[in-house]
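Trainee: This is data_8.cif (mmCIF, C-alpha atoms and all ligand atoms; chains and numbers go by the auth columns).
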```cif
data_structure
loop_
_atom_site.group_PDB
_atom_site.id
_atom_site.type_symbol
_atom_site.label_atom_id
_atom_site.label_comp_id
_atom_site.label_asym_id
_atom_site.label_seq_id
_atom_site.Cartn_x
_atom_site.Cartn_y
_atom_site.Cartn_z
_atom_site.B_iso_or_equiv
_atom_site.auth_seq_id
_atom_site.auth_asym_id
ATOM 1 C CA MET A 1 -12.091 -25.851 -13.272 0.00 1 A
ATOM 2 C CA ALA A 2 -9.087 -24.297 -11.455 0.00 2 A
ATOM 3 C CA THR A 3 -5.691 -24.769 -13.115 0.00 3 A
ATOM 4 C CA GLN A 4 -2.141 -23.943 -12.098 0.00 4 A
ATOM 5 C CA VAL A 5 -0.847 -20.691 -13.574 0.00 5 A
ATOM 6 C CA THR A 6 2.172 -18.433 -13.599 0.00 6 A
ATOM 7 C CA ASP A 7 2.719 -16.157 -10.629 0.00 7 A
ATOM 8 C CA PRO A 8 0.044 -13.389 -10.679 0.00 8 A
ATOM 9 C CA LEU A 9 2.474 -11.194 -8.749 0.00 9 A
ATOM 10 C CA ARG A 10 4.568 -11.107 -11.901 0.00 10 A
ATOM 11 C CA LEU A 11 1.498 -10.101 -13.833 0.00 11 A
ATOM 12 C CA LEU A 12 0.854 -7.312 -11.315 0.00 12 A
ATOM 13 C CA ARG A 13 4.453 -6.122 -11.564 0.00 13 A
ATOM 14 C CA ALA A 14 4.276 -6.094 -15.376 0.00 14 A
ATOM 15 C CA ASP A 15 0.936 -4.252 -15.296 0.00 15 A
ATOM 16 C CA ARG A 16 2.306 -1.638 -12.884 0.00 16 A
ATOM 17 C CA ASP A 17 5.405 -1.181 -15.070 0.00 17 A
ATOM 18 C CA ASN A 18 3.238 -0.715 -18.159 0.00 18 A
ATOM 19 C CA ALA A 19 0.942 1.701 -16.336 0.00 19 A
ATOM 20 C CA ARG A 20 3.963 3.674 -15.064 0.00 20 A
ATOM 21 C CA ASN A 21 5.396 3.843 -18.588 0.00 21 A
ATOM 22 C CA ALA A 22 2.010 5.084 -19.824 0.00 22 A
ATOM 23 C CA GLY A 23 2.136 7.892 -17.231 0.00 23 A
ATOM 24 C CA ASP A 24 -0.601 6.456 -15.009 0.00 24 A
ATOM 25 C CA PRO A 25 -0.474 8.486 -11.755 0.00 25 A
ATOM 26 C CA TRP A 26 -1.957 5.488 -9.897 0.00 26 A
ATOM 27 C CA ALA A 27 0.805 3.102 -10.975 0.00 27 A
ATOM 28 C CA ASP A 28 2.586 3.379 -7.608 0.00 28 A
ATOM 29 C CA LEU A 29 -0.486 3.711 -5.400 0.00 29 A
ATOM 30 C CA CYS A 30 -3.103 1.543 -3.755 0.00 30 A
ATOM 31 C CA VAL A 31 -6.070 1.918 -1.423 0.00 31 A
ATOM 32 C CA VAL A 32 -5.844 -0.014 1.829 0.00 32 A
ATOM 33 C CA ALA A 33 -8.897 -0.788 3.905 0.00 33 A
ATOM 34 C CA SER A 34 -9.089 -1.362 7.627 0.00 34 A
ATOM 35 C CA ILE A 35 -11.669 -1.610 10.369 0.00 35 A
ATOM 36 C CA GLY A 36 -11.822 1.308 12.792 0.00 36 A
ATOM 37 C CA PRO A 37 -12.252 1.026 16.561 0.00 37 A
ATOM 38 C CA ASP A 38 -15.990 1.584 16.043 0.00 38 A
ATOM 39 C CA GLY A 39 -16.117 -1.506 13.820 0.00 39 A
ATOM 40 C CA GLU A 40 -16.717 0.597 10.704 0.00 40 A
ATOM 41 C CA PRO A 41 -14.630 0.317 7.501 0.00 41 A
ATOM 42 C CA ARG A 42 -11.979 2.908 6.625 0.00 42 A
ATOM 43 C CA SER A 43 -9.713 3.321 3.627 0.00 43 A
ATOM 44 C CA ARG A 44 -6.837 5.493 2.525 0.00 44 A
ATOM 45 C CA VAL A 45 -4.374 5.868 -0.349 0.00 45 A
ATOM 46 C CA LEU A 46 -0.857 4.601 0.301 0.00 46 A
ATOM 47 C CA VAL A 47 2.212 4.257 -1.880 0.00 47 A
ATOM 48 C CA LEU A 48 2.652 0.604 -2.819 0.00 48 A
ATOM 49 C CA ARG A 49 6.396 0.078 -2.681 0.00 49 A
ATOM 50 C CA GLU A 50 8.579 -2.690 -4.069 0.00 50 A
ATOM 51 C CA LEU A 51 11.281 -4.011 -1.745 0.00 51 A
ATOM 52 C CA ASP A 52 13.396 -6.374 -3.817 0.00 52 A
ATOM 53 C CA ASP A 53 10.716 -8.735 -5.125 0.00 53 A
ATOM 54 C CA GLN A 54 8.147 -7.973 -2.442 0.00 54 A
ATOM 55 C CA LEU A 55 5.372 -5.439 -2.081 0.00 55 A
ATOM 56 C CA ALA A 56 5.517 -3.152 0.948 0.00 56 A
ATOM 57 C CA LEU A 57 3.724 -0.272 2.645 0.00 57 A
ATOM 58 C CA PHE A 58 5.438 2.441 4.686 0.00 58 A
ATOM 59 C CA PHE A 59 3.663 4.472 7.328 0.00 59 A
ATOM 60 C CA ASN A 60 3.955 5.827 10.847 0.00 60 A
ATOM 61 C CA ALA A 61 3.092 3.661 13.838 0.00 61 A
ATOM 62 C CA SER A 62 1.399 6.615 15.549 0.00 62 A
ATOM 63 C CA SER A 63 -1.339 6.602 12.902 0.00 63 A
ATOM 64 C CA PRO A 64 -4.743 5.002 13.524 0.00 64 A
ATOM 65 C CA LYS A 65 -4.233 2.642 10.581 0.00 65 A
ATOM 66 C CA SER A 66 -1.199 1.074 12.238 0.00 66 A
ATOM 67 C CA GLU A 67 -3.297 -0.290 15.097 0.00 67 A
ATOM 68 C CA GLU A 68 -6.212 -1.024 12.781 0.00 68 A
ATOM 69 C CA PHE A 69 -4.029 -3.198 10.536 0.00 69 A
ATOM 70 C CA THR A 70 -3.266 -5.462 13.511 0.00 70 A
ATOM 71 C CA ARG A 71 -6.962 -6.176 14.068 0.00 71 A
ATOM 72 C CA SER A 72 -7.029 -8.789 11.322 0.00 72 A
ATOM 73 C CA ASP A 73 -4.680 -11.373 9.886 0.00 73 A
ATOM 74 C CA SER A 74 -4.780 -9.897 6.400 0.00 74 A
ATOM 75 C CA LEU A 75 -4.959 -6.572 4.595 0.00 75 A
ATOM 76 C CA SER A 76 -7.306 -5.724 1.766 0.00 76 A
ATOM 77 C CA LEU A 77 -5.757 -3.624 -1.014 0.00 77 A
ATOM 78 C CA LEU A 78 -7.263 -2.094 -4.114 0.00 78 A
ATOM 79 C CA ILE A 79 -5.189 -1.085 -7.119 0.00 79 A
ATOM 80 C CA TYR A 80 -6.722 0.502 -10.197 0.00 80 A
ATOM 81 C CA LEU A 81 -4.469 1.037 -13.187 0.00 81 A
ATOM 82 C CA HIS A 82 -6.503 3.462 -15.225 0.00 82 A
ATOM 83 C CA ALA A 83 -4.065 3.433 -18.167 0.00 83 A
ATOM 84 C CA LEU A 84 -4.687 -0.295 -18.599 0.00 84 A
ATOM 85 C CA LYS A 85 -8.272 -0.388 -17.349 0.00 85 A
ATOM 86 C CA VAL A 86 -7.229 -3.089 -14.907 0.00 86 A
ATOM 87 C CA GLN A 87 -8.309 -3.458 -11.276 0.00 87 A
ATOM 88 C CA TYR A 88 -6.573 -5.637 -8.705 0.00 88 A
ATOM 89 C CA ARG A 89 -8.021 -6.606 -5.323 0.00 89 A
ATOM 90 C CA LEU A 90 -5.461 -8.197 -3.067 0.00 90 A
ATOM 91 C CA THR A 91 -5.866 -10.069 0.187 0.00 91 A
ATOM 92 C CA ALA A 92 -2.476 -10.212 1.814 0.00 92 A
ATOM 93 C CA ALA A 93 -0.900 -11.474 4.999 0.00 93 A
ATOM 94 C CA PHE A 94 1.765 -9.103 6.250 0.00 94 A
ATOM 95 C CA CYS A 95 4.898 -8.914 8.366 0.00 95 A
ATOM 96 C CA THR A 96 7.136 -6.128 9.622 0.00 96 A
ATOM 97 C CA VAL A 97 9.832 -4.584 7.424 0.00 97 A
ATOM 98 C CA ASP A 98 13.304 -4.855 8.987 0.00 98 A
ATOM 99 C CA PRO A 99 13.795 -1.558 10.930 0.00 99 A
ATOM 100 C CA ASP A 100 17.270 -1.139 9.351 0.00 100 A
ATOM 101 C CA VAL A 101 15.659 -1.214 5.900 0.00 101 A
ATOM 102 C CA VAL A 102 13.066 1.352 7.030 0.00 102 A
ATOM 103 C CA ALA A 103 15.828 3.563 8.453 0.00 103 A
ATOM 104 C CA GLU A 104 17.822 3.473 5.188 0.00 104 A
ATOM 105 C CA SER A 105 14.796 4.194 3.036 0.00 105 A
ATOM 106 C CA TRP A 106 13.616 6.921 5.449 0.00 106 A
ATOM 107 C CA LYS A 107 16.770 8.964 4.728 0.00 107 A
ATOM 108 C CA LEU A 108 15.528 9.417 1.165 0.00 108 A
ATOM 109 C CA ARG A 109 12.244 11.026 2.241 0.00 109 A
ATOM 110 C CA PRO A 110 11.822 14.735 1.510 0.00 110 A
ATOM 111 C CA SER A 111 12.379 17.149 4.412 0.00 111 A
ATOM 112 C CA ILE A 112 8.731 17.820 5.367 0.00 112 A
ATOM 113 C CA PRO A 113 7.661 14.151 5.572 0.00 113 A
ATOM 114 C CA ARG A 114 10.788 13.491 7.677 0.00 114 A
ATOM 115 C CA LYS A 115 9.907 16.357 10.026 0.00 115 A
ATOM 116 C CA LEU A 116 6.306 15.180 10.216 0.00 116 A
ATOM 117 C CA ASP A 117 7.467 11.720 11.248 0.00 117 A
ATOM 118 C CA TRP A 118 9.288 13.342 14.163 0.00 118 A
ATOM 119 C CA LEU A 119 6.311 15.554 14.984 0.00 119 A
ATOM 120 C CA TYR A 120 4.208 12.392 15.316 0.00 120 A
ATOM 121 C CA GLU A 121 6.379 11.467 18.333 0.00 121 A
ATOM 122 C CA THR A 122 4.497 14.087 20.368 0.00 122 A
ATOM 123 C CA ARG A 123 1.451 14.618 18.175 0.00 123 A
ATOM 124 C CA PRO A 124 0.228 11.385 16.607 0.00 124 A
ATOM 125 C CA GLN A 125 -0.655 11.342 12.931 0.00 125 A
ATOM 126 C CA SER A 126 -4.349 12.009 12.293 0.00 126 A
ATOM 127 C CA SER A 127 -4.824 13.689 15.699 0.00 127 A
ATOM 128 C CA THR A 128 -6.246 17.231 15.806 0.00 128 A
ATOM 129 C CA ILE A 129 -4.277 20.466 16.209 0.00 129 A
ATOM 130 C CA SER A 130 -5.663 23.926 16.953 0.00 130 A
ATOM 131 C CA SER A 131 -4.918 25.449 13.521 0.00 131 A
ATOM 132 C CA ARG A 132 -2.858 25.122 10.348 0.00 132 A
ATOM 133 C CA GLU A 133 -0.627 27.941 11.650 0.00 133 A
ATOM 134 C CA ALA A 134 0.054 25.901 14.801 0.00 134 A
ATOM 135 C CA LEU A 135 0.917 22.906 12.598 0.00 135 A
ATOM 136 C CA LEU A 136 3.352 24.916 10.430 0.00 136 A
ATOM 137 C CA ASP A 137 4.940 26.404 13.561 0.00 137 A
ATOM 138 C CA ALA A 138 5.345 22.962 15.147 0.00 138 A
ATOM 139 C CA ILE A 139 6.983 21.630 11.950 0.00 139 A
ATOM 140 C CA ASP A 140 9.324 24.659 11.920 0.00 140 A
ATOM 141 C CA HIS A 141 10.571 23.705 15.356 0.00 141 A
ATOM 142 C CA ILE A 142 11.548 20.154 14.307 0.00 142 A
ATOM 143 C CA PRO A 143 15.289 19.988 13.553 0.00 143 A
ATOM 144 C CA GLU A 144 16.554 18.484 10.278 0.00 144 A
ATOM 145 C CA THR A 145 17.746 14.910 10.714 0.00 145 A
ATOM 146 C CA THR A 146 18.243 11.767 8.682 0.00 146 A
ATOM 147 C CA ILE A 147 17.754 9.519 11.709 0.00 147 A
ATOM 148 C CA ALA A 148 14.344 7.878 11.566 0.00 148 A
ATOM 149 C CA PRO A 149 12.118 7.854 14.659 0.00 149 A
ATOM 150 C CA ASP A 150 11.174 4.424 15.995 0.00 150 A
ATOM 151 C CA THR A 151 7.611 5.010 14.811 0.00 151 A
ATOM 152 C CA ALA A 152 8.653 4.985 11.134 0.00 152 A
ATOM 153 C CA CYS A 153 7.669 1.507 10.038 0.00 153 A
ATOM 154 C CA GLY A 154 6.563 -0.664 7.180 0.00 154 A
ATOM 155 C CA CYS A 155 4.970 -3.959 6.384 0.00 155 A
ATOM 156 C CA ILE A 156 5.780 -6.510 3.732 0.00 156 A
ATOM 157 C CA LEU A 157 2.748 -7.909 1.970 0.00 157 A
ATOM 158 C CA VAL A 158 2.315 -11.584 1.251 0.00 158 A
ATOM 159 C CA PRO A 159 -0.711 -11.787 -1.049 0.00 159 A
ATOM 160 C CA ASN A 160 -2.633 -15.033 -0.937 0.00 160 A
ATOM 161 C CA GLU A 161 -5.596 -13.986 -3.066 0.00 161 A
ATOM 162 C CA ILE A 162 -5.534 -11.724 -6.113 0.00 162 A
ATOM 163 C CA ASP A 163 -8.671 -10.787 -8.032 0.00 163 A
ATOM 164 C CA ARG A 164 -7.753 -9.224 -11.409 0.00 164 A
ATOM 165 C CA LEU A 165 -10.435 -7.518 -13.467 0.00 165 A
ATOM 166 C CA ASN A 166 -9.513 -6.381 -16.968 0.00 166 A
ATOM 167 C CA LEU A 167 -12.090 -4.041 -18.467 0.00 167 A
ATOM 168 C CA ASP A 168 -10.175 -3.663 -21.718 0.00 168 A
ATOM 169 C CA GLN A 169 -11.953 -6.313 -23.780 0.00 169 A
ATOM 170 C CA PRO A 170 -12.982 -5.677 -27.398 0.00 170 A
ATOM 171 C CA ASN A 171 -16.254 -7.600 -26.949 0.00 171 A
ATOM 172 C CA GLY A 172 -17.165 -5.678 -23.798 0.00 172 A
ATOM 173 C CA VAL A 173 -17.154 -8.748 -21.551 0.00 173 A
ATOM 174 C CA HIS A 174 -14.708 -8.008 -18.773 0.00 174 A
ATOM 175 C CA ASP A 175 -12.034 -10.610 -18.034 0.00 175 A
ATOM 176 C CA ARG A 176 -11.989 -11.466 -14.332 0.00 176 A
ATOM 177 C CA ARG A 177 -9.770 -14.063 -12.721 0.00 177 A
ATOM 178 C CA LEU A 178 -9.151 -15.080 -9.145 0.00 178 A
ATOM 179 C CA TYR A 179 -5.669 -16.252 -8.256 0.00 179 A
ATOM 180 C CA ALA A 180 -5.433 -18.113 -4.965 0.00 180 A
ATOM 181 C CA ARG A 181 -2.287 -19.439 -3.358 0.00 181 A
ATOM 182 C CA THR A 182 -2.288 -22.723 -1.505 0.00 182 A
ATOM 183 C CA ALA A 183 0.944 -24.352 -0.284 0.00 183 A
ATOM 184 C CA ASN A 184 2.891 -21.765 -2.292 0.00 184 A
ATOM 185 C CA VAL A 185 1.225 -22.742 -5.581 0.00 185 A
ATOM 186 C CA TRP A 186 -1.029 -20.298 -7.419 0.00 186 A
ATOM 187 C CA HIS A 187 -4.303 -21.484 -8.916 0.00 187 A
ATOM 188 C CA GLU A 188 -6.455 -19.545 -11.316 0.00 188 A
ATOM 189 C CA ALA A 189 -10.226 -19.514 -11.620 0.00 189 A
ATOM 190 C CA VAL A 190 -12.351 -17.478 -14.029 0.00 190 A
ATOM 191 C CA LEU A 191 -14.960 -15.373 -12.237 0.00 191 A
ATOM 192 C CA ILE A 192 -18.166 -13.919 -13.578 0.00 192 A
ATOM 193 C CA PRO A 193 -17.327 -10.211 -13.838 0.00 193 A
HETATM 194 C C1 LIG B . -1.066 9.950 -3.328 0.00 1 B
HETATM 195 C C2 LIG B . -1.034 9.675 -1.845 0.00 1 B
HETATM 196 C C3 LIG B . -0.037 8.850 -1.331 0.00 1 B
HETATM 197 C C4 LIG B . 0.014 8.590 0.042 0.00 1 B
HETATM 198 N N1 LIG B . 0.980 7.737 0.520 0.00 1 B
HETATM 199 C C5 LIG B . 1.029 7.464 1.846 0.00 1 B
HETATM 200 C C6 LIG B . 1.970 6.516 2.344 0.00 1 B
HETATM 201 O O1 LIG B . 2.750 5.876 1.614 0.00 1 B
HETATM 202 N N2 LIG B . 2.002 6.303 3.686 0.00 1 B
HETATM 203 C C7 LIG B . 1.144 6.939 4.548 0.00 1 B
HETATM 204 O O2 LIG B . 1.212 6.679 5.756 0.00 1 B
HETATM 205 N N3 LIG B . 0.212 7.808 4.103 0.00 1 B
HETATM 206 C C8 LIG B . 0.128 8.084 2.763 0.00 1 B
HETATM 207 N N4 LIG B . -0.815 8.957 2.294 0.00 1 B
HETATM 208 C C9 LIG B . -1.737 9.604 3.268 0.00 1 B
HETATM 209 C C10 LIG B . -2.853 8.620 3.635 0.00 1 B
HETATM 210 O O3 LIG B . -3.794 8.507 2.584 0.00 1 B
HETATM 211 C C11 LIG B . -3.591 9.036 4.930 0.00 1 B
HETATM 212 O O4 LIG B . -4.179 10.312 4.769 0.00 1 B
HETATM 213 C C12 LIG B . -2.662 9.067 6.161 0.00 1 B
HETATM 214 O O5 LIG B . -1.761 7.979 6.128 0.00 1 B
HETATM 215 C C13 LIG B . -3.475 9.003 7.464 0.00 1 B
HETATM 216 O O6 LIG B . -4.262 7.834 7.450 0.00 1 B
HETATM 217 P P1 LIG B . -4.947 7.169 8.748 0.00 1 B
HETATM 218 O O7 LIG B . -5.579 8.297 9.512 0.00 1 B
HETATM 219 O O8 LIG B . -5.930 6.218 8.165 0.00 1 B
HETATM 220 O O9 LIG B . -3.855 6.483 9.527 0.00 1 B
HETATM 221 C C14 LIG B . -0.928 9.187 0.921 0.00 1 B
HETATM 222 C C15 LIG B . -1.947 9.989 0.383 0.00 1 B
HETATM 223 C C16 LIG B . -2.004 10.213 -0.971 0.00 1 B
HETATM 224 C C17 LIG B . -3.139 11.064 -1.506 0.00 1 B
#
```
If you convert what's in this file into structure tokens, what do you get?
Ligand SMILES: Cc1cc2nc3c(=O)[nH]c(=O)nc-3n(C[C@H](O)[C@H](O)[C@H](O)COP(=O)(O)O)c2cc1C

Mentor:
Amino acid sequence: MATQVTDPLRLLRADRDNARNAGDPWADLCVVASIGPDGEPRSRVLVLRELDDQLALFFNASSPKSEEFTRSDSLSLLIYLHALKVQYRLTAAFCTVDPDVVAESWKLRPSIPRKLDWLYETRPQSSTISSREALLDAIDHIPETTIAPDTACGCILVPNEIDRLNLDQPNGVHDRRLYARTANVWHEAVLIP
């Protein structure tokens, strides 16, 4: 029977902190799925950021994923913390990050990602280019700036379902729990792993 539990987002934050401290290279990453224009699934690795107490993704609006994300009301994220042997599957509603916050954070990006974001203004991310040489040349012609293009964007995630699978069990039976939020209250149910 489902019972009320502590916030699983806290659990996720603690797990990510522990994974980071253990040197897990996946501690700050996730895989985000979307549905392409052909109706087929797609996925890619993104940095899973923390903005104050909220989870956020940053990307460029010229990219295919940006449009794909708007095709559904929620995003599906996968996090695997190898150091802990813990998997999270999140279903999250999302809303836009304040452009001023994006602009501030954008200033901290390394030079090449900043230049790429400006390149996307004329050549959208994930579009083709004639050669790698042409790409490097195009990047070379982008001036240095700390002003973000309008296409730099982000979304804040509001998870409403969190499936946590912990493989690290001495008896070999994985511990799997589904946390679901209704009316801002989290409920926990044990799932068959
Ligand atoms: C470790 C790692 C971190 C990445 N982080 C981001 C990210 O935070 N934002 C982003 O737009 N792309 C990130 N990428 C690149 C994406 O995986 C992807 O290749 C790119 O965003 C284009 O995706 P799309 O064609 O589905 O739009 C990252 C890739 C790797 C391997």

Trainee: What would the selection look like, as a ChimeraX atom specification, if the PyMOL selection byres (((chain A and resi 75) around 7) and not hetatm) were run on the coordinates I just shared?

Mentor: /A:69,74,76-77,91-93

Trainee: Using only C-alpha atoms and all ligand atoms, I'd like a table of the residues in chain A that come within 6 Å of ligand LIG 1 (chain B); for each, show the closest atom pair and its distance in Å rounded to one decimal, ordered by chain and ascending number, as CSV.

Mentor:
```
residue,atom,partner,partner_atom,distance
A:Arg44,CA,B:LIG1,O3,4.3
A:Val45,CA,B:LIG1,O3,4.0
A:Leu46,CA,B:LIG1,N1,3.6
A:Val47,CA,B:LIG1,O1,3.9
A:Phe58,CA,B:LIG1,N2,5.3
A:Phe59,CA,B:LIG1,O2,3.7
A:Asn60,CA,B:LIG1,O2,5.8
A:Ser63,CA,B:LIG1,O9,4.2
A:Pro64,CA,B:LIG1,O9,4.4
A:Lys65,CA,B:LIG1,O9,4.0
A:Ser126,CA,B:LIG1,O7,4.8
```

Trainee: Would you output that residue set with C-alpha atoms, as a short mmCIF file (atom, residue, chain, number, x, y, z; two decimals), in the frame of the given file?

Mentor:
```
data_model
loop_
_atom_site.label_atom_id
_atom_site.label_comp_id
_atom_site.auth_asym_id
_atom_site.auth_seq_id
_atom_site.Cartn_x
_atom_site.Cartn_y
_atom_site.Cartn_z
CA ARG A 44 -6.84 5.49 2.52
CA VAL A 45 -4.37 5.87 -0.35
CA LEU A 46 -0.86 4.60 0.30
CA VAL A 47 2.21 4.26 -1.88
CA PHE A 58 5.44 2.44 4.69
CA PHE A 59 3.66 4.47 7.33
CA ASN A 60 3.96 5.83 10.85
CA SER A 63 -1.34 6.60 12.90
CA PRO A 64 -4.74 5.00 13.52
CA LYS A 65 -4.23 2.64 10.58
CA SER A 126 -4.35 12.01 12.29
#
```

Trainee: For a cut-off of 10 Å around (17.3, 8.9, 12.1), file coordinates, pick out all residues using all atoms listed in the file and list them as a ChimeraX atom specification.

Mentor: /A:103-104,106-107,114,118,144-150,152

Trainee: If you take every atom of region 102-116 of chain A that the file lists and fit an axis-aligned box around them with 8 Å extra on each side, what centre and edge lengths come out in Å to one decimal, as AutoDock Vina command-line options?

Mentor:
```
--center_x 12.1 --center_y 9.6 --center_z 5.7 --size_x 27.5 --size_y 32.5 --size_z 25.1
```

Trainee: Step by step, work through what the PyMOL selection byres (((chain A and resi 34) around 7) and not hetatm) selects in the shown file, and finish by giving those residues as a PDB file with C-alpha atoms, in the coordinates of the input.

Mentor:
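Result written to result26.pdb:
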```pdb
ATOM      1  CA  VAL A  32      -5.844  -0.014   1.829  1.00  0.00           C
ATOM      2  CA  ALA A  33      -8.897  -0.788   3.905  1.00  0.00           C
ATOM      3  CA  ILE A  35     -11.669  -1.610  10.369  1.00  0.00           C
ATOM      4  CA  GLY A  36     -11.822   1.308  12.792  1.00  0.00           C
ATOM      5  CA  PRO A  41     -14.630   0.317   7.501  1.00  0.00           C
ATOM      6  CA  ARG A  42     -11.979   2.908   6.625  1.00  0.00           C
ATOM      7  CA  SER A  43      -9.713   3.321   3.627  1.00  0.00           C
ATOM      8  CA  LYS A  65      -4.233   2.642  10.581  1.00  0.00           C
ATOM      9  CA  GLU A  68      -6.212  -1.024  12.781  1.00  0.00           C
ATOM     10  CA  PHE A  69      -4.029  -3.198  10.536  1.00  0.00           C
TER      11      PHE A  69
END
```

Trainee: Given only C-alpha atoms as the basis, pick out the residue of A:Leu78, A:Ala61, A:Glu67, A:Glu188 nearest to Tyr120 (chain A).

Mentor: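 Between A:Leu78, A:Ala61, A:Glu67, A:Glu188, the residue approaching Tyr120 (chain A) most closely is A:Ala61.
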
Trainee: Could you please give me, as a ChimeraX atom specification, the residues of protein, DNA or RNA lying at most 12 Å from (2.5, 21.3, 10.3) in the coordinate frame of the file, considering all atoms listed in the file?

Mentor: /A:112-120,123-142

Trainee: Work out how far apart CA of Cys155 (chain A) and CA of Leu84 (chain A) are and give it in Å to one decimal.

Mentor: 27.0 Å

Trainee: Have a look at A:Tyr88, A:Val101, A:Cys30, A:Leu9 and name the one nearest to Leu165 (chain A); count only C-alpha atoms.

Mentor: A:Tyr88

Trainee: At what distance in Å, to one decimal, does CA of Asp28 (chain A) lie from CA of Arg16 (chain A)?

Mentor: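 Separation of CA of Arg16 (chain A) and CA of Asp28 (chain A): 7.3 Å.
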
Trainee: Nearest residue to Arg49 (chain A) out of A:Ser105, A:Asn18, A:Gln87, A:Ser72, using all atoms listed in the file?

Mentor: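 Closest to Arg49 (chain A) of all the choices is A:Ser105.
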
Trainee: Separation of CA of Thr96 (chain A) and CA of Gly39 (chain A), in Å?

Mentor: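 CA of Gly39 (chain A) lies at a distance of 24.1 Å from CA of Thr96 (chain A).
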